[in-house]
Structure formats: C-alpha cells, structure tokens
Amino acid sequence: GLEQQLLADVVVAEKPEVERQRDQIVVQMAKDQKALTDSETMILRLLDETSTEQILDEDTLIDILADSKQKSTEINARMEQAKVVEVTVNETRAIYVPVAVRGSILYFVIADLAGINFMYQNSLDYVKQLFKRAIAESPPAATVEERLDVLIDRITKILYTNVARGLFEADKLIYSMLIAASIKKHVGALDMGVWNAFLRGPTVFSEEERAAQPPPEQPPVRVHRG
C-alpha cells in the first residue's frame, strides 16, 4: 500500500544500509527457498524413475541425497540467521512508520481536493517527490525522536505549501481544516459524532446515531372537565 511505499522511501533516505539489508534478505531467502524446493523435486523424480536394484547398485542417488542434505542444512542455518537479522531490520523500519503515516494522511487529503474542484489534480508521483524533497531538506536532530518530529513537521509544511499554491484562496482554509481533521481522526482525537454533524448537519443521522437519540418529549395531556 501507499504507507509501505512511503516507509521504504523514508528508510532509504534515513537508513539506506537497513533497506539494502532488507532487500538482500528477501532475495536470499527467496533463492534458498527455491533451492530447497528444486532439490526436493529432483530427489522425488529420481526416486520415481529409479528401480530398487539401481538404488542398491549405484551411488548416484545416494550421493545426491547426501549433497542435498548438506545443502539443506546450510540453507536452513542461513535462513534462521536471516530471520534474526530481519527482526532487527523491521524494528528499525518501524521507527519511521509515523513519518510514512503522515505522508499517507496528507496524500489522501490532497487526492480528495479534486472533489472540491476538478482542477485540483495532484498525482501520487508528485506527492512522493515532495515527500522525498522534504526528507532531504530536513535539518539534522540530536535524537531519533527529535528527528521524527523534524521530518513530520517538514513533510507537512512542504506538502501543504506546494499544493496550496494551486488552490483558490477560498479553498486554502478548507485544505488546512481537512489536514488538521484527518490528523486528529487518525489518533482518535476527533469526536466522530461532532465531525459527522459538521459535515452533514444536525438533522442527518445514521441508523446507529438515530437509535442513540433520546425519545422526543411528549406534550402533557390536558383533561377537559365539563
């Protein structure tokens, strides 16, 4: 998904050696898995095509089985080591997930602008270019936590500024509001009932919202005495 694409972009920029290591692990594990499968297939084929007498009289299949066992042991050991390294790589990549999340939130807000005006068309490639530029232009920080704050702040500002330049003045405030609302929705800091009332008006309810409404007050019954 988009979030994974942006995560790869930020990790390549921030920790290129980690992303290279991850790519190497993926490629090596795929090769090793294929080698194991090919070896098993070849042994099964030879067993199917070789008679019992040939197996007893010839050393070919026995040698192949011994070689396959040795390779399998080496591959399994390599795959276990790769799994250990992969855990470390994934832990490092996970640090930068908030940066990718912010980029993803901003992209979907930008994509929704086309619903306001058909002229507000911004491609994913353009947004990713701005995302990478923001990372490249972000000043260094003393700690990883501070670096994440710097990256998120710079990405938000650059994407907002560059996209806002193409909006009519009347729509820039809407753009700002949508960004703020989307960020708050993602962290659960926005009351969805209030948000839905803001978007649709107070008289429009979903079935769940309608069921949660208190019953209307009944007017008092007046008794006429004759």
# chains A, B, ... in the order shown; residues from 1 in each chain; ligands from 1
call {"tool": "residues_around", "arguments": {"residues": "stretch 165-167 of chain A", "least_positions_apart": "4", "cutoff": "10 Å", "atoms": "only C-alpha atoms", "output": "PDB file with N, CA and C atoms, in the first residue's frame"}}
result
ATOM      1  N   LEU A 113      -9.099  16.721  -2.704  1.00  0.00           N
ATOM      2  CA  LEU A 113      -9.333  18.098  -3.153  1.00  0.00           C
ATOM      3  C   LEU A 113     -10.015  18.139  -4.518  1.00  0.00           C
ATOM      4  N   ASN A 117     -12.810  20.870  -6.472  1.00  0.00           N
ATOM      5  CA  ASN A 117     -12.663  21.480  -7.791  1.00  0.00           C
ATOM      6  C   ASN A 117     -11.887  20.512  -8.672  1.00  0.00           C
ATOM      7  N   MET A 119     -10.060  20.915 -11.014  1.00  0.00           N
ATOM      8  CA  MET A 119      -8.727  21.386 -11.387  1.00  0.00           C
ATOM      9  C   MET A 119      -7.663  20.992 -10.367  1.00  0.00           C
ATOM     10  N   TYR A 120      -8.089  20.610  -9.181  1.00  0.00           N
ATOM     11  CA  TYR A 120      -7.126  20.283  -8.126  1.00  0.00           C
ATOM     12  C   TYR A 120      -6.670  18.833  -8.268  1.00  0.00           C
ATOM     13  N   GLN A 121      -5.954  18.549  -9.339  1.00  0.00           N
ATOM     14  CA  GLN A 121      -5.461  17.204  -9.601  1.00  0.00           C
ATOM     15  C   GLN A 121      -3.963  17.144  -9.280  1.00  0.00           C
ATOM     16  N   ASN A 122      -3.587  16.296  -8.342  1.00  0.00           N
ATOM     17  CA  ASN A 122      -2.185  16.118  -7.977  1.00  0.00           C
ATOM     18  C   ASN A 122      -1.877  14.622  -7.971  1.00  0.00           C
ATOM     19  N   TYR A 160       1.851  20.948   2.300  1.00  0.00           N
ATOM     20  CA  TYR A 160       0.795  21.947   2.384  1.00  0.00           C
ATOM     21  C   TYR A 160       1.120  23.142   1.493  1.00  0.00           C
ATOM     22  N   THR A 161       2.316  23.688   1.622  1.00  0.00           N
ATOM     23  CA  THR A 161       2.694  24.909   0.907  1.00  0.00           C
ATOM     24  C   THR A 161       2.623  24.726  -0.604  1.00  0.00           C
ATOM     25  N   ASP A 171     -10.379  28.153  -0.908  1.00  0.00           N
ATOM     26  CA  ASP A 171     -10.245  26.727  -0.629  1.00  0.00           C
ATOM     27  C   ASP A 171      -9.041  26.400   0.248  1.00  0.00           C
ATOM     28  N   LYS A 172      -8.162  27.350   0.464  1.00  0.00           N
ATOM     29  CA  LYS A 172      -6.966  27.079   1.274  1.00  0.00           C
ATOM     30  C   LYS A 172      -7.325  26.786   2.726  1.00  0.00           C
ATOM     31  N   LEU A 173      -8.313  27.494   3.244  1.00  0.00           N
ATOM     32  CA  LEU A 173      -8.732  27.249   4.623  1.00  0.00           C
ATOM     33  C   LEU A 173      -9.358  25.862   4.754  1.00  0.00           C
ATOM     34  N   TYR A 175      -8.590  23.298   2.909  1.00  0.00           N
ATOM     35  CA  TYR A 175      -7.452  22.384   2.820  1.00  0.00           C
ATOM     36  C   TYR A 175      -6.780  22.250   4.194  1.00  0.00           C
TER      37      TYR A 175
END
call {"tool": "select_by_dssp", "arguments": {"residues": "chain A", "states": "helix (DSSP H, G or I)", "output": "number ranges by chain"}}
result
A: 2-14, 16-49, 52-57, 60-95, 97-115, 124-137, 144-164, 169-186, 192-200, 207-212
call {"tool": "atom_distance", "arguments": {"atom1": "atom CA of A:Gln24", "atom2": "atom CA of A:Val85"}}
result
10.8 Å
call {"tool": "residues_around", "arguments": {"residues": "stretch 142-145 of chain A", "least_positions_apart": "2", "cutoff": "12 Å", "atoms": "only C-alpha atoms", "output": "PyMOL selection string"}}
result
chain A and resi 14-15+92+95-96+98-99+139-140+147-152
call {"tool": "residues_around", "arguments": {"residues": "A:Glu91", "least_positions_apart": "6", "cutoff": "12 Å", "atoms": "only C-alpha atoms", "output": "count of residues only"}}
result
7
call {"tool": "residues_around", "arguments": {"residues": "stretch 127-129 of chain A", "least_positions_apart": "2", "cutoff": "9 Å", "atoms": "only C-alpha atoms", "output": "PyMOL selection string"}}
result
chain A and resi 6+9+103+106-107+110+122-125+131-134+159+163
call {"tool": "write_last_selection", "arguments": {"atoms": "N, CA and C atoms", "output": "short mmCIF file (atom, residue, chain, number, x, y, z; two decimals), in the first residue's frame"}}
result
data_model
loop_
_atom_site.label_atom_id
_atom_site.label_comp_id
_atom_site.auth_asym_id
_atom_site.auth_seq_id
_atom_site.Cartn_x
_atom_site.Cartn_y
_atom_site.Cartn_z
N LEU A 6 5.83 4.75 1.09
CA LEU A 6 6.42 5.92 1.74
C LEU A 6 7.41 5.50 2.83
N ASP A 9 10.58 4.74 1.19
CA ASP A 9 11.24 5.99 0.76
C ASP A 9 11.98 6.65 1.92
N GLY A 103 2.70 11.14 5.74
CA GLY A 103 2.68 11.31 4.29
C GLY A 103 1.44 10.73 3.66
N LEU A 106 -1.63 12.99 4.38
CA LEU A 106 -1.61 14.18 3.53
C LEU A 106 -1.97 13.85 2.09
N TYR A 107 -1.49 12.72 1.59
CA TYR A 107 -1.81 12.38 0.20
C TYR A 107 -3.32 12.21 0.01
N ILE A 110 -5.01 15.47 -0.11
CA ILE A 110 -4.72 16.12 -1.39
C ILE A 110 -5.55 15.50 -2.51
N ASN A 122 -3.59 16.30 -8.34
CA ASN A 122 -2.19 16.12 -7.98
C ASN A 122 -1.88 14.62 -7.97
N SER A 123 -0.91 14.22 -8.77
CA SER A 123 -0.60 12.80 -8.90
C SER A 123 0.15 12.28 -7.68
N LEU A 124 0.10 10.96 -7.51
CA LEU A 124 0.84 10.33 -6.43
C LEU A 124 2.34 10.55 -6.62
N ASP A 125 2.82 10.49 -7.87
CA ASP A 125 4.25 10.71 -8.13
C ASP A 125 4.68 12.10 -7.66
N PHE A 131 7.45 14.56 -0.88
CA PHE A 131 7.75 13.80 0.33
C PHE A 131 9.26 13.57 0.44
N LYS A 132 9.87 13.12 -0.65
CA LYS A 132 11.32 12.86 -0.64
C LYS A 132 12.10 14.17 -0.50
N ARG A 133 11.62 15.22 -1.14
CA ARG A 133 12.30 16.52 -1.02
C ARG A 133 12.27 17.02 0.42
N ALA A 134 11.14 16.85 1.08
CA ALA A 134 11.01 17.28 2.47
C ALA A 134 12.00 16.54 3.37
N LEU A 159 4.35 19.79 1.85
CA LEU A 159 3.20 19.32 1.08
C LEU A 159 2.07 20.35 1.12
N VAL A 163 1.06 22.43 -2.47
CA VAL A 163 -0.28 22.15 -3.00
C VAL A 163 -1.17 23.38 -2.86
#
call {"tool": "atom_distance", "arguments": {"atom1": "atom CA of A:Ser138", "atom2": "atom CA of A:Ala114"}}
result
28.9 Å
call {"tool": "closest_residue", "arguments": {"among": "A:Leu130, A:Asn162, A:Gln81, A:Asp112", "to": "A:Leu178", "atoms": "only C-alpha atoms"}}
result
A:Asp112
